[in-house]
Structure formats: structure tokens, C-alpha cells
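K.L.:
Next up, entry-v6.csv (CSV, C-alpha atoms).
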```csv
chain,number,residue,atom,x,y,z
A,1184,MET,CA,-257.1,-27.1,-82.2
A,1185,ILE,CA,-256.9,-24.7,-85.2
A,1186,ALA,CA,-255.1,-22.0,-83.2
A,1187,ARG,CA,-252.1,-24.2,-82.6
A,1188,ILE,CA,-251.5,-24.9,-86.3
A,1189,PHE,CA,-253.2,-22.1,-88.2
A,1190,VAL,CA,-249.9,-20.7,-89.5
A,1191,TYR,CA,-249.1,-24.0,-91.1
A,1192,ILE,CA,-252.6,-24.2,-92.6
A,1193,LEU,CA,-252.3,-20.7,-94.0
A,1194,LEU,CA,-249.0,-21.7,-95.7
A,1195,MET,CA,-250.8,-24.8,-97.0
A,1196,ILE,CA,-253.4,-22.5,-98.5
A,1197,VAL,CA,-251.2,-19.7,-99.9
A,1198,LEU,CA,-248.1,-21.6,-101.3
A,1199,PRO,CA,-249.9,-24.0,-103.6
A,1200,CYS,CA,-252.1,-21.1,-104.9
A,1201,LEU,CA,-249.0,-19.0,-105.5
A,1202,TYR,CA,-247.3,-21.9,-107.3
A,1203,VAL,CA,-250.1,-22.5,-109.7
A,1204,ASP,CA,-250.6,-18.8,-110.3
A,1205,LEU,CA,-247.0,-18.1,-111.1
A,1206,ARG,CA,-246.5,-21.3,-113.1
A,1207,TYR,CA,-249.7,-21.6,-115.1
A,1208,LEU,CA,-251.8,-18.5,-114.9
A,1209,ARG,CA,-249.5,-15.5,-115.0
A,1210,ASN,CA,-248.5,-16.0,-118.6
A,1211,LYS,CA,-252.0,-16.3,-120.0
A,1212,ARG,CA,-252.8,-13.4,-122.3
A,1213,LEU,CA,-256.5,-13.6,-122.6
A,1214,GLY,CA,-258.5,-13.1,-119.4
A,1215,ARG,CA,-255.4,-13.2,-117.3
A,1216,ILE,CA,-256.7,-11.0,-114.5
A,1217,PRO,CA,-260.2,-12.6,-114.2
A,1218,VAL,CA,-258.8,-16.1,-114.2
A,1219,ARG,CA,-256.3,-15.3,-111.5
A,1220,VAL,CA,-258.9,-13.6,-109.4
A,1221,LEU,CA,-261.2,-16.6,-109.6
A,1222,TRP,CA,-258.3,-18.9,-108.8
A,1223,TRP,CA,-257.4,-17.0,-105.6
A,1224,MET,CA,-261.0,-16.5,-104.3
A,1225,PRO,CA,-261.4,-19.9,-102.7
A,1226,GLY,CA,-257.9,-19.6,-101.1
A,1227,PHE,CA,-258.7,-16.2,-99.8
A,1228,ALA,CA,-262.0,-17.4,-98.3
A,1229,MET,CA,-260.3,-20.4,-96.7
A,1230,ALA,CA,-257.6,-18.1,-95.2
A,1231,ILE,CA,-260.3,-15.9,-93.6
A,1232,TYR,CA,-262.2,-19.0,-92.4
A,1233,THR,CA,-258.9,-20.3,-90.8
A,1234,ILE,CA,-258.2,-17.1,-89.0
A,1235,VAL,CA,-261.8,-17.0,-87.6
A,1236,MET,CA,-261.5,-20.7,-86.5
A,1237,ALA,CA,-258.1,-19.9,-84.8
A,1238,MET,CA,-259.8,-17.2,-82.6
A,1239,HIS,CA,-261.7,-19.8,-80.6
A,1240,ARG,CA,-260.3,-20.3,-77.1
A,1241,ASP,CA,-261.4,-23.9,-76.7
A,1242,PHE,CA,-260.1,-26.8,-78.6
A,1243,ALA,CA,-263.0,-26.5,-80.9
A,1244,PRO,CA,-266.2,-24.4,-81.2
A,1245,ALA,CA,-269.2,-25.4,-79.2
A,1246,ASP,CA,-271.1,-26.0,-82.4
A,1247,SER,CA,-269.2,-28.8,-84.0
A,1248,THR,CA,-270.9,-28.3,-87.3
A,1249,VAL,CA,-268.7,-25.2,-87.9
A,1250,LEU,CA,-265.5,-27.1,-87.3
A,1251,ASN,CA,-266.7,-30.1,-89.3
A,1252,PHE,CA,-267.6,-28.0,-92.4
A,1253,TYR,CA,-264.2,-26.2,-92.1
A,1254,LEU,CA,-262.3,-29.5,-92.1
A,1255,PHE,CA,-264.3,-30.8,-95.0
A,1256,LEU,CA,-263.3,-27.8,-97.0
A,1257,VAL,CA,-259.7,-28.3,-96.0
A,1258,GLY,CA,-260.0,-31.9,-97.2
A,1259,ILE,CA,-261.5,-31.1,-100.6
A,1260,LEU,CA,-259.7,-27.8,-101.3
A,1261,VAL,CA,-256.6,-27.1,-99.3
A,1262,VAL,CA,-255.0,-30.6,-99.2
A,1263,PRO,CA,-255.6,-31.5,-102.9
A,1264,ASN,CA,-254.1,-28.1,-103.9
A,1265,LEU,CA,-251.0,-28.8,-101.8
A,1266,VAL,CA,-250.7,-32.4,-103.2
A,1267,PHE,CA,-251.1,-31.2,-106.8
A,1268,ALA,CA,-248.5,-28.4,-106.3
A,1269,LEU,CA,-246.0,-30.8,-104.8
A,1270,CYS,CA,-246.5,-33.4,-107.5
A,1271,SER,CA,-246.2,-30.7,-110.2
A,1272,ALA,CA,-243.1,-29.2,-108.7
A,1273,ILE,CA,-241.4,-32.6,-108.5
A,1274,GLY,CA,-242.5,-33.4,-112.0
A,1275,LEU,CA,-241.0,-30.1,-113.2
A,1276,GLY,CA,-237.7,-31.0,-111.7
A,1277,VAL,CA,-237.8,-34.4,-113.3
A,1278,LYS,CA,-238.7,-32.9,-116.6
A,1279,LYS,CA,-235.7,-30.6,-116.6
A,1280,TRP,CA,-233.4,-33.3,-115.4
A,1281,LEU,CA,-234.5,-35.8,-118.1
A,1282,HIS,CA,-235.2,-33.1,-120.8
A,1283,THR,CA,-238.7,-34.5,-121.5
A,1284,ARG,CA,-241.5,-32.5,-123.1
A,1285,ARG,CA,-244.2,-33.1,-120.5
A,1286,ASN,CA,-244.5,-32.7,-116.8
A,1287,TYR,CA,-245.8,-36.1,-115.7
A,1288,GLY,CA,-246.1,-34.8,-112.2
A,1289,ASN,CA,-249.2,-32.9,-113.3
A,1290,TYR,CA,-250.9,-36.2,-114.2
A,1291,ALA,CA,-249.8,-37.8,-111.0
A,1292,GLY,CA,-251.1,-34.8,-109.1
A,1293,LEU,CA,-254.5,-34.9,-110.8
A,1294,ALA,CA,-254.8,-38.6,-110.0
A,1295,MET,CA,-253.9,-37.9,-106.3
A,1296,VAL,CA,-256.5,-35.1,-106.2
A,1297,ALA,CA,-259.2,-37.5,-107.5
A,1298,LEU,CA,-258.2,-40.1,-104.8
A,1299,LEU,CA,-258.3,-37.5,-102.1
A,1300,TRP,CA,-261.7,-36.3,-103.1
A,1301,PHE,CA,-263.0,-39.9,-103.0
A,1302,ILE,CA,-261.5,-40.5,-99.5
A,1303,VAL,CA,-262.9,-37.3,-98.0
A,1304,ILE,CA,-266.3,-37.6,-99.5
A,1305,TYR,CA,-266.7,-41.3,-98.8
A,1306,GLY,CA,-265.2,-41.1,-95.3
A,1307,SER,CA,-267.5,-38.2,-94.4
A,1308,THR,CA,-270.7,-40.0,-95.6
A,1309,LEU,CA,-270.9,-43.7,-96.1
A,1310,GLY,CA,-267.6,-44.4,-94.2
A,1311,PHE,CA,-268.8,-42.7,-91.0
A,1312,ASP,CA,-272.3,-44.4,-91.2
A,1313,LYS,CA,-270.9,-47.9,-91.3
A,1314,ILE,CA,-270.9,-50.1,-88.1
A,1315,GLU,CA,-269.4,-53.5,-87.8
A,1316,VAL,CA,-270.1,-56.1,-85.2
A,1317,LYS,CA,-266.9,-58.1,-84.5
A,1318,TYR,CA,-266.8,-61.5,-82.8
A,1319,VAL,CA,-263.8,-62.5,-80.8
A,1320,ASP,CA,-263.3,-65.8,-79.0
A,1321,LEU,CA,-260.8,-65.7,-76.1
A,1322,ALA,CA,-259.6,-68.8,-74.2
A,1323,PHE,CA,-257.9,-68.7,-70.7
A,1324,ASP,CA,-256.8,-71.6,-68.6
A,1325,ASP,CA,-257.7,-69.8,-65.4
A,1326,LEU,CA,-261.2,-68.6,-66.4
A,1327,PRO,CA,-263.6,-69.9,-63.7
A,1328,ALA,CA,-265.7,-72.8,-65.1
A,1329,ALA,CA,-269.0,-71.0,-64.5
A,1330,PHE,CA,-268.0,-68.2,-66.9
A,1331,ASP,CA,-267.2,-70.5,-69.8
A,1332,GLY,CA,-269.2,-69.0,-72.7
A,1333,TYR,CA,-269.6,-65.6,-70.9
A,1334,ARG,CA,-270.3,-62.8,-73.4
A,1335,ILE,CA,-268.9,-59.4,-73.1
A,1336,VAL,CA,-269.9,-56.6,-75.5
A,1337,GLN,CA,-267.5,-53.7,-75.7
A,1338,PHE,CA,-268.1,-50.3,-77.3
A,1339,SER,CA,-265.8,-47.3,-77.0
A,1340,ASP,CA,-265.3,-43.7,-78.0
A,1341,ALA,CA,-268.9,-42.9,-78.8
A,1342,HIS,CA,-268.3,-39.1,-78.9
A,1343,VAL,CA,-272.1,-38.6,-78.9
A,1344,GLY,CA,-271.7,-34.9,-79.4
A,1345,THR,CA,-271.0,-35.7,-83.1
A,1346,TYR,CA,-274.4,-37.4,-83.5
A,1347,THR,CA,-276.3,-34.3,-84.4
A,1348,THR,CA,-280.0,-34.6,-85.4
A,1349,ALA,CA,-278.9,-35.6,-88.9
A,1350,ARG,CA,-276.6,-38.4,-87.6
A,1351,ASP,CA,-278.7,-39.5,-84.6
A,1352,TYR,CA,-279.7,-42.7,-86.5
A,1353,ILE,CA,-276.1,-44.0,-86.4
A,1354,LEU,CA,-276.2,-44.1,-82.6
A,1355,SER,CA,-279.6,-45.8,-82.7
A,1356,ARG,CA,-278.2,-48.5,-84.9
A,1357,ALA,CA,-275.3,-48.9,-82.6
A,1358,VAL,CA,-277.5,-49.4,-79.6
A,1359,ASP,CA,-279.7,-51.9,-81.5
A,1360,SER,CA,-276.6,-53.8,-82.5
A,1361,ILE,CA,-275.4,-53.9,-78.9
A,1362,ASN,CA,-278.8,-55.1,-77.6
A,1363,ALA,CA,-279.1,-57.8,-80.3
A,1364,GLN,CA,-276.0,-59.6,-78.9
A,1365,GLY,CA,-277.7,-60.9,-75.8
A,1366,ALA,CA,-274.7,-59.9,-73.7
A,1367,ASP,CA,-273.9,-61.0,-70.2
A,1368,ILE,CA,-272.3,-57.7,-69.6
A,1369,VAL,CA,-271.7,-54.5,-71.7
A,1370,VAL,CA,-268.6,-52.4,-71.1
A,1371,PHE,CA,-267.9,-48.9,-72.4
A,1372,THR,CA,-264.2,-47.9,-72.4
A,1373,GLY,CA,-264.4,-44.1,-72.4
A,1374,ASP,CA,-265.0,-40.9,-74.4
A,1375,LEU,CA,-268.7,-40.5,-74.2
A,1376,GLN,CA,-268.5,-36.8,-74.9
A,1377,ASN,CA,-266.5,-34.6,-77.2
A,1378,MET,CA,-266.0,-31.6,-74.9
A,1379,ARG,CA,-269.0,-31.0,-72.7
A,1380,PRO,CA,-271.4,-33.1,-70.7
A,1381,GLU,CA,-274.4,-31.3,-72.2
A,1382,GLU,CA,-273.7,-33.2,-75.5
A,1383,VAL,CA,-274.9,-36.4,-73.7
A,1384,VAL,CA,-278.3,-35.1,-72.6
A,1385,PRO,CA,-280.1,-35.5,-75.9
A,1386,HIS,CA,-279.0,-39.1,-76.1
A,1387,ILE,CA,-279.8,-40.2,-72.5
A,1388,GLY,CA,-282.9,-42.2,-73.7
A,1389,LYS,CA,-280.9,-44.3,-76.2
A,1390,LEU,CA,-277.9,-44.9,-74.0
A,1391,GLY,CA,-280.1,-45.8,-71.1
A,1392,SER,CA,-281.9,-48.5,-73.2
A,1393,ILE,CA,-278.7,-50.6,-73.5
A,1394,ARG,CA,-279.3,-53.9,-71.7
A,1395,ALA,CA,-277.2,-56.8,-70.4
A,1396,ARG,CA,-277.7,-59.5,-67.9
A,1397,ASP,CA,-275.1,-58.2,-65.4
A,1398,GLY,CA,-275.4,-54.6,-66.3
A,1399,ILE,CA,-273.3,-51.9,-68.1
A,1400,TYR,CA,-269.9,-50.9,-66.8
A,1401,SER,CA,-267.9,-47.9,-67.9
A,1402,VAL,CA,-264.8,-45.9,-67.4
A,1403,LEU,CA,-263.9,-42.3,-68.3
A,1404,GLY,CA,-261.8,-41.4,-71.4
A,1405,ASN,CA,-259.6,-38.4,-71.9
A,1406,HIS,CA,-262.4,-36.4,-73.5
A,1407,ASP,CA,-264.6,-37.0,-70.5
A,1408,TYR,CA,-262.4,-34.9,-68.2
A,1409,ALA,CA,-263.3,-31.6,-70.0
A,1410,ASP,CA,-259.6,-30.9,-70.7
A,1411,TYR,CA,-260.7,-29.7,-74.2
A,1412,ILE,CA,-262.2,-26.5,-73.0
A,1413,GLU,CA,-260.3,-23.4,-71.7
A,1414,ALA,CA,-261.7,-23.0,-68.2
A,1415,PRO,CA,-260.5,-22.9,-64.5
A,1416,ASP,CA,-259.7,-26.2,-63.0
A,1417,SER,CA,-262.8,-25.9,-60.7
A,1418,ALA,CA,-265.0,-25.6,-63.8
A,1419,LYS,CA,-263.3,-28.6,-65.4
A,1420,GLU,CA,-263.8,-30.7,-62.3
A,1421,ALA,CA,-267.5,-29.7,-62.1
A,1422,ASN,CA,-267.9,-30.8,-65.7
A,1423,CYS,CA,-266.2,-34.1,-64.9
A,1424,ARG,CA,-268.5,-34.7,-62.0
A,1425,GLN,CA,-271.5,-33.9,-64.2
A,1426,MET,CA,-270.3,-36.4,-66.8
A,1427,ALA,CA,-269.9,-39.1,-64.0
A,1428,GLY,CA,-273.4,-38.2,-62.7
A,1429,LEU,CA,-274.9,-38.5,-66.2
A,1430,GLN,CA,-273.4,-42.0,-66.7
A,1431,ARG,CA,-274.8,-43.1,-63.4
A,1432,HIS,CA,-278.2,-41.5,-64.1
A,1433,ILE,CA,-278.3,-43.5,-67.4
A,1434,GLY,CA,-277.9,-46.6,-65.3
A,1435,TRP,CA,-274.3,-47.5,-66.0
A,1436,HIS,CA,-271.9,-48.6,-63.3
A,1437,LEU,CA,-269.1,-46.1,-63.7
A,1438,LEU,CA,-265.8,-47.4,-62.2
A,1439,GLU,CA,-263.4,-44.7,-61.1
A,1440,ASN,CA,-260.3,-46.6,-60.0
A,1441,GLU,CA,-262.5,-49.3,-58.5
A,1442,SER,CA,-263.7,-52.7,-59.2
A,1443,ALA,CA,-266.8,-54.9,-59.0
A,1444,VAL,CA,-267.2,-58.7,-58.5
A,1445,LEU,CA,-269.5,-60.7,-60.8
A,1446,ARG,CA,-270.7,-64.1,-59.5
A,1447,ARG,CA,-272.0,-67.3,-61.0
A,1448,GLY,CA,-272.7,-69.7,-58.2
A,1449,GLY,CA,-269.4,-70.2,-56.3
A,1450,ASP,CA,-267.3,-68.7,-59.1
A,1451,SER,CA,-266.5,-65.0,-59.8
A,1452,ILE,CA,-264.7,-62.7,-62.1
A,1453,VAL,CA,-263.6,-59.1,-61.4
A,1454,ILE,CA,-264.5,-56.1,-63.6
A,1455,ALA,CA,-261.9,-53.4,-62.8
A,1456,GLY,CA,-262.1,-49.9,-64.1
A,1457,MET,CA,-259.0,-47.7,-64.0
A,1458,GLU,CA,-259.3,-44.0,-64.8
A,1459,ASN,CA,-257.5,-42.7,-67.9
A,1460,ASP,CA,-253.8,-43.5,-67.6
A,1461,GLY,CA,-252.4,-41.1,-70.3
A,1462,THR,CA,-249.2,-39.2,-70.7
A,1463,SER,CA,-250.2,-35.8,-72.1
A,1464,LYS,CA,-252.2,-32.7,-71.3
A,1465,ARG,CA,-255.1,-33.8,-73.4
A,1466,SER,CA,-254.9,-37.4,-72.0
A,1467,PRO,CA,-254.4,-37.0,-68.3
A,1468,SER,CA,-252.8,-39.5,-65.9
A,1469,ARG,CA,-255.5,-40.2,-63.4
A,1470,GLY,CA,-255.2,-43.9,-63.2
A,1471,ASP,CA,-254.4,-45.6,-59.9
A,1472,ILE,CA,-254.0,-49.3,-60.4
A,1473,GLY,CA,-253.4,-50.0,-56.7
A,1474,LYS,CA,-256.6,-48.4,-55.7
A,1475,THR,CA,-258.4,-50.0,-58.7
A,1476,LEU,CA,-257.4,-53.5,-57.6
A,1477,ALA,CA,-257.6,-52.9,-53.8
A,1478,GLY,CA,-258.6,-56.1,-52.1
A,1479,ILE,CA,-258.3,-58.2,-55.3
A,1480,GLN,CA,-255.9,-61.1,-54.9
A,1481,PRO,CA,-254.6,-63.8,-57.3
A,1482,PRO,CA,-255.9,-66.1,-58.6
A,1483,ALA,CA,-258.9,-63.8,-59.3
A,1484,PHE,CA,-259.8,-63.5,-63.0
A,1485,VAL,CA,-259.7,-59.8,-63.8
A,1486,VAL,CA,-261.1,-57.9,-66.8
A,1487,MET,CA,-259.4,-54.5,-66.8
A,1488,LEU,CA,-261.1,-51.5,-68.4
A,1489,GLN,CA,-258.6,-48.8,-69.4
A,1490,HIS,CA,-259.2,-46.2,-72.0
A,1491,ASP,CA,-255.6,-45.6,-73.1
A,1492,PRO,CA,-254.0,-48.8,-74.5
A,1493,SER,CA,-250.5,-47.5,-73.9
A,1494,SER,CA,-251.2,-48.1,-70.2
A,1495,TRP,CA,-251.2,-51.9,-70.9
A,1496,ARG,CA,-247.4,-52.2,-71.2
A,1497,ARG,CA,-246.6,-49.2,-69.0
A,1498,THR,CA,-248.9,-50.0,-66.0
A,1499,VAL,CA,-251.2,-53.0,-66.3
A,1500,ILE,CA,-248.7,-55.7,-67.1
A,1501,PRO,CA,-246.0,-54.7,-64.6
A,1502,GLN,CA,-248.3,-53.9,-61.8
A,1503,SER,CA,-251.1,-56.4,-62.0
A,1504,GLU,CA,-252.1,-59.9,-63.0
A,1505,ALA,CA,-255.1,-58.8,-65.1
A,1506,GLN,CA,-255.7,-61.4,-67.7
A,1507,LEU,CA,-257.8,-59.3,-70.1
A,1508,THR,CA,-257.6,-55.6,-70.7
A,1509,LEU,CA,-260.1,-53.7,-72.9
A,1510,SER,CA,-259.2,-50.3,-74.3
A,1511,GLY,CA,-260.1,-47.7,-77.0
A,1512,HIS,CA,-258.8,-44.2,-77.5
A,1513,THR,CA,-256.9,-44.6,-80.8
A,1514,HIS,CA,-259.9,-44.8,-83.2
A,1515,GLY,CA,-257.4,-46.4,-85.6
A,1516,MET,CA,-257.0,-42.7,-86.5
A,1517,GLN,CA,-260.3,-43.2,-88.4
A,1518,PHE,CA,-258.2,-43.9,-91.5
A,1519,MET,CA,-256.7,-47.0,-92.9
A,1520,LEU,CA,-255.4,-47.6,-96.4
A,1521,PHE,CA,-254.1,-51.0,-97.6
A,1522,GLY,CA,-254.2,-52.3,-94.0
A,1523,TRP,CA,-252.0,-49.6,-92.6
A,1524,SER,CA,-253.0,-46.6,-90.3
A,1525,PRO,CA,-250.8,-43.7,-89.5
A,1526,ILE,CA,-251.7,-44.2,-85.8
A,1527,ALA,CA,-249.2,-47.2,-85.9
A,1528,VAL,CA,-246.4,-44.6,-85.7
A,1529,LYS,CA,-247.6,-43.5,-82.3
A,1530,TYR,CA,-249.1,-46.6,-80.7
A,1531,LYS,CA,-247.7,-50.2,-80.7
A,1532,GLU,CA,-251.1,-51.5,-79.9
A,1533,TRP,CA,-253.7,-49.5,-81.7
A,1534,GLY,CA,-256.5,-51.8,-83.0
A,1535,GLY,CA,-257.5,-55.4,-82.5
A,1536,LEU,CA,-256.2,-58.2,-80.3
A,1537,TYR,CA,-252.7,-58.4,-78.8
A,1538,SER,CA,-251.1,-60.9,-76.5
A,1539,GLU,CA,-248.1,-60.9,-74.1
A,1540,GLY,CA,-247.7,-64.4,-72.7
A,1541,LYS,CA,-251.1,-65.4,-71.3
A,1542,ARG,CA,-252.2,-61.7,-71.0
A,1543,LYS,CA,-254.4,-60.2,-73.6
A,1544,LEU,CA,-255.3,-56.7,-74.8
A,1545,TYR,CA,-258.1,-55.7,-77.2
A,1546,VAL,CA,-258.0,-52.2,-78.5
A,1547,SER,CA,-261.4,-51.1,-80.0
A,1548,THR,CA,-261.1,-48.6,-82.8
A,1549,GLY,CA,-264.3,-47.1,-81.5
A,1550,LEU,CA,-267.8,-46.3,-82.5
A,1551,GLY,CA,-267.8,-42.6,-83.5
A,1552,GLY,CA,-265.3,-39.8,-83.4
A,1553,PHE,CA,-264.8,-36.1,-82.6
A,1554,LEU,CA,-264.8,-35.7,-86.4
A,1555,PRO,CA,-267.5,-37.4,-88.5
A,1556,PHE,CA,-265.1,-39.2,-90.8
A,1557,ARG,CA,-264.0,-42.8,-91.1
A,1558,PHE,CA,-262.2,-44.4,-94.0
A,1559,GLY,CA,-261.2,-48.1,-93.8
A,1560,VAL,CA,-261.9,-48.1,-90.1
A,1561,PRO,CA,-265.7,-48.5,-89.6
A,1562,GLY,CA,-267.3,-47.9,-86.2
A,1563,GLU,CA,-267.3,-51.2,-84.3
A,1564,VAL,CA,-269.1,-53.1,-81.6
A,1565,VAL,CA,-267.0,-56.0,-80.3
A,1566,VAL,CA,-268.5,-59.3,-78.9
A,1567,PHE,CA,-266.1,-61.3,-76.8
A,1568,THR,CA,-266.9,-64.9,-75.8
A,1569,LEU,CA,-264.8,-66.2,-73.0
A,1570,HIS,CA,-263.8,-69.8,-72.9
A,1571,ARG,CA,-262.1,-72.0,-70.3
A,1572,LYS,CA,-259.2,-74.0,-71.7
A,1573,PRO,CA,-259.3,-77.6,-70.6
A,1574,SER,CA,-256.6,-78.6,-68.2
A,1575,THR,CA,-253.7,-80.6,-69.5
A,1576,SER,CA,-254.8,-83.6,-67.4
A,1577,ASN,CA,-258.2,-83.7,-69.2
A,1578,ARG,CA,-256.8,-83.6,-72.7
```
Starting from the file, give its structure as C-alpha cells.

P.N.:
Amino acid sequence: MIARIFVYILLMIVLPCLYVDLRYLRNKRLGRIPVRVLWWMPGFAMAIYTIVMAMHRDFAPADSTVLNFYLFLVGILVVPNLVFALCSAIGLGVKKWLHTRRNYGNYAGLAMVALLWFIVIYGSTLGFDKIEVKYVDLAFDDLPAAFDGYRIVQFSDAHVGTYTTARDYILSRAVDSINAQGADIVVFTGDLQNMRPEEVVPHIGKLGSIRARDGIYSVLGNHDYADYIEAPDSAKEANCRQMAGLQRHIGWHLLENESAVLRRGGDSIVIAGMENDGTSKRSPSRGDIGKTLAGIQPPAFVVMLQHDPSSWRRTVIPQSEAQLTLSGHTHGMQFMLFGWSPIAVKYKEWGGLYSEGKRKLYVSTGLGGFLPFRFGVPGEVVVFTLHRKPSTSNR
């Protein structure tokens, strides 16, 4: 991850330090050299740290703590320096243009630095710890009568490799929240690991304790395919098989382009699980909706599990009759300010409930994350209650 952008990070480190040095420190007469040395020391240390991080072949080091600490330092040192320098430089231009005595950009820069520090520190501590249980009622006119009131609990993007010993309690609270809902079925919509199946092993007991009347059904997410490590395809496929084996060992019903029928008396619904249907190297296209729905004919009521929400408009709507699709993947970018997340630039459907005619999509913003940070987008467990709309003749 760092290797791809380390040049830009180095520029973000060096240029703001150089600006402040030339503009504010170079002309000081007393203690000029010691002050300038002290100013440059954190930047120099971050530059070395960045180069070391860029030497990793994989997307991230096996020990995520190293990466997390690095990104925390970027958030409290590098980005605030850059923002202050930009504000100061803009303020300097305004000062010269308006012939004012003060550079008000410096004040704006200091205010922005304080805000950034709050966001980074809160998001890395209390923000990541928070879990919300959301309740969503969904009504369909073609839901089988026996499934009126059926409760589906969804969780997504657990990224359990981030739950180190110090954060293990967060996953425990999430499992307790899931079990407290009395679900008819629990579904997991992908990204159980960060990079390697071994991350799941310490959490097998907790994950295996999730309970629901009709069981736990899951699909793989893009992180579950081991595409975040540099290895031969054979090794990646072996890791993928290991991940699938672990989910089945836990007791989950992993659906890999397949479906299952759930029955209540003479009525039934279909839980369909399509593999990740992405469009990039890190989000592979492995979904096969024809294979997933083989043998399923209308008017079957279908709940589609698909990790990537962009598949809803690209594949699910045009190639199926699935009434409800449950996805994850976006995390809401784990950041929202004043109701807006930058992920909205990339995804039309990125968090919450969406409708297209009678078809519905819910995109969970996830439980955890590759990075232990969330601001304005707490981890979530979603409880859906399905309702059958009364027919027009009975109204």
C-alpha cells in the first residue's frame, strides 16, 4: 500500500517542513540552528519510516500494528503540517493582495490542525470502539406469508485481523449484540480477514458462538481471496481454500455462487450467495449469477448476498429477480462529516437502504476495518424484519 504512494507521502512530509522553515524559522537570530534542527527531526524520522514501510512486498506488513502506528503518525504529524502550510500559503497570498498586516491563513491553519487532531485521536479510539445496532423494516408484496416477521441479522467486513489482543473486546461485544437479536438467520457479507486466513484462528471460538434459528450464511469478500499478498496464484488459491474451510469449520454455511432454500411449512425463501463481483485487481470478479441461481425460478423470493454493492446495478438487477440484496465492502470509508462521506464519489450506493422499483439493496458500512479508525461511521449490526404487504383486495 505505502510502496505505491510513498513518493507523494515524502513530498507531503518535506514540502510543508521546508515552507515553515523558510518562512518562519530561517530569519530567527537566537537559537536559529537548534530550532530548525528540532523542527526537521520529526519530518526526517517520518521520511525514514515511510521508506521502510515502502519496502514491504505485500499490501501491508504481517504485523498490522506497525502499519497502524505509522498511519496514526501520518494523521497527527504529516497531514496537519500539510494543511497548515497550505492555509498559511493561501493566507500569505491574500495578505499581499489585500495589503493587510496579518496572515489570517495561519489562524485558519491552526484551527484545522486542532480539528484534524480531534478526528484522528477520536476515530482511532472511541470512534472505532462504537457499535450500533440498526433496525430496518422491509415490506414486500411477494414475501411468502409464513415469512412475515422473519428476522435477518447482517454483519459485514469484520476484518478480524485488526482485533488484536487489545481490541478483542470489540468483537466480543459485536457477537453479543448479534446473539441478542434472536435472529431467524444471520448473514455475513464478506471480508472476514485482512490479508491472511491465520488472522481468523484466534477468533474461531467467538465467531462459532453466533447463533440463529436457521443458521449463519456467508459469502467471501475481496479481502478473503488473499489478493493483498504478493504470492504465486497457487498460494493465493490455497489461502482462499483455507479461508473457506475456516468458515465452514466455524459452522457457517459459506455460499460460493450457490443458494440454499429455507422453508416454513409450505412456504420458502432462497438465500443466494454470489462470490465477489468486483471490477479491480484488489476486488476480483468471481461472481457467477447464473450458477448462483441455478434451478431457482420466479416467483421465488430471493435474498442475495453480494459483497460489492456496485454489482447490484451491474449484475443483480439486469440478470435476476432477487428482491433483496445485502452488501458491504464500502465501510462508508470509515469517515463521515456533516452527513457526507468521500466514498460517495466512487459508489452511488455506499451505505444504507436503496430501492429500484420493488427491488431493494442494503449496504452495510461494516463492523470493523483494515485500519482501526472510524469517525462518524460506527461499526454496525443490522436487523431486518421482513413484512408481507397485504394484497390490494384485502385493503

K.L.:
Between atom CA of Phe1553 of chain A and atom CA of His1406 of chain A, measure the distance and give it in Å to one decimal.

P.N.:
9.4 Å

K.L.:
Within 9 Å of Leu1429 of chain A, counting all atoms listed in the file, which residues show up once you throw out same-chain ones fewer than 6 positions away? Write them as a count of residues only, please.

P.N.:
4

K.L.:
Counting all atoms listed in the file, figure out which residue out of A:Glu1315, A:Asp1204, A:Asp1241, A:Asp1359 gets nearest to Ala1268 of chain A.

P.N.:
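For Ala1268 of chain A, the nearest of the given residues is A:Asp1204.
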
K.L.:
Name the closest residue to Ser1510 of chain A among the candidates A:Leu1275, A:Leu1193, A:Ala1291, A:Leu1488; distances are taken between atoms, counting all atoms listed in the file.

P.N.:
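Smallest separation from Ser1510 of chain A among the options: A:Leu1488.
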
K.L.:
Pick the closest to Asp1450 of chain A from A:Pro1482, A:Tyr1191, A:Asp1491, A:Pro1199: which is it, counting all atoms listed in the file?

P.N.:
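For Asp1450 of chain A, the nearest of the given residues is A:Pro1482.
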
K.L.:
May I ask for the distance between atom CA of Ala1357 of chain A and atom CA of Leu1569 of chain A, given in Å to one decimal place?

P.N.:
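Distance between the two atoms: 22.4 Å.
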
K.L.:
May I ask which of the residues A:Ser1271, A:Gln1517, A:Gln1425, A:Asn1286 is the closest one to Lys1313 of chain A, counting all atoms listed in the file?

P.N.:
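Between A:Ser1271, A:Gln1517, A:Gln1425, A:Asn1286, the residue approaching Lys1313 of chain A most closely is A:Gln1517.
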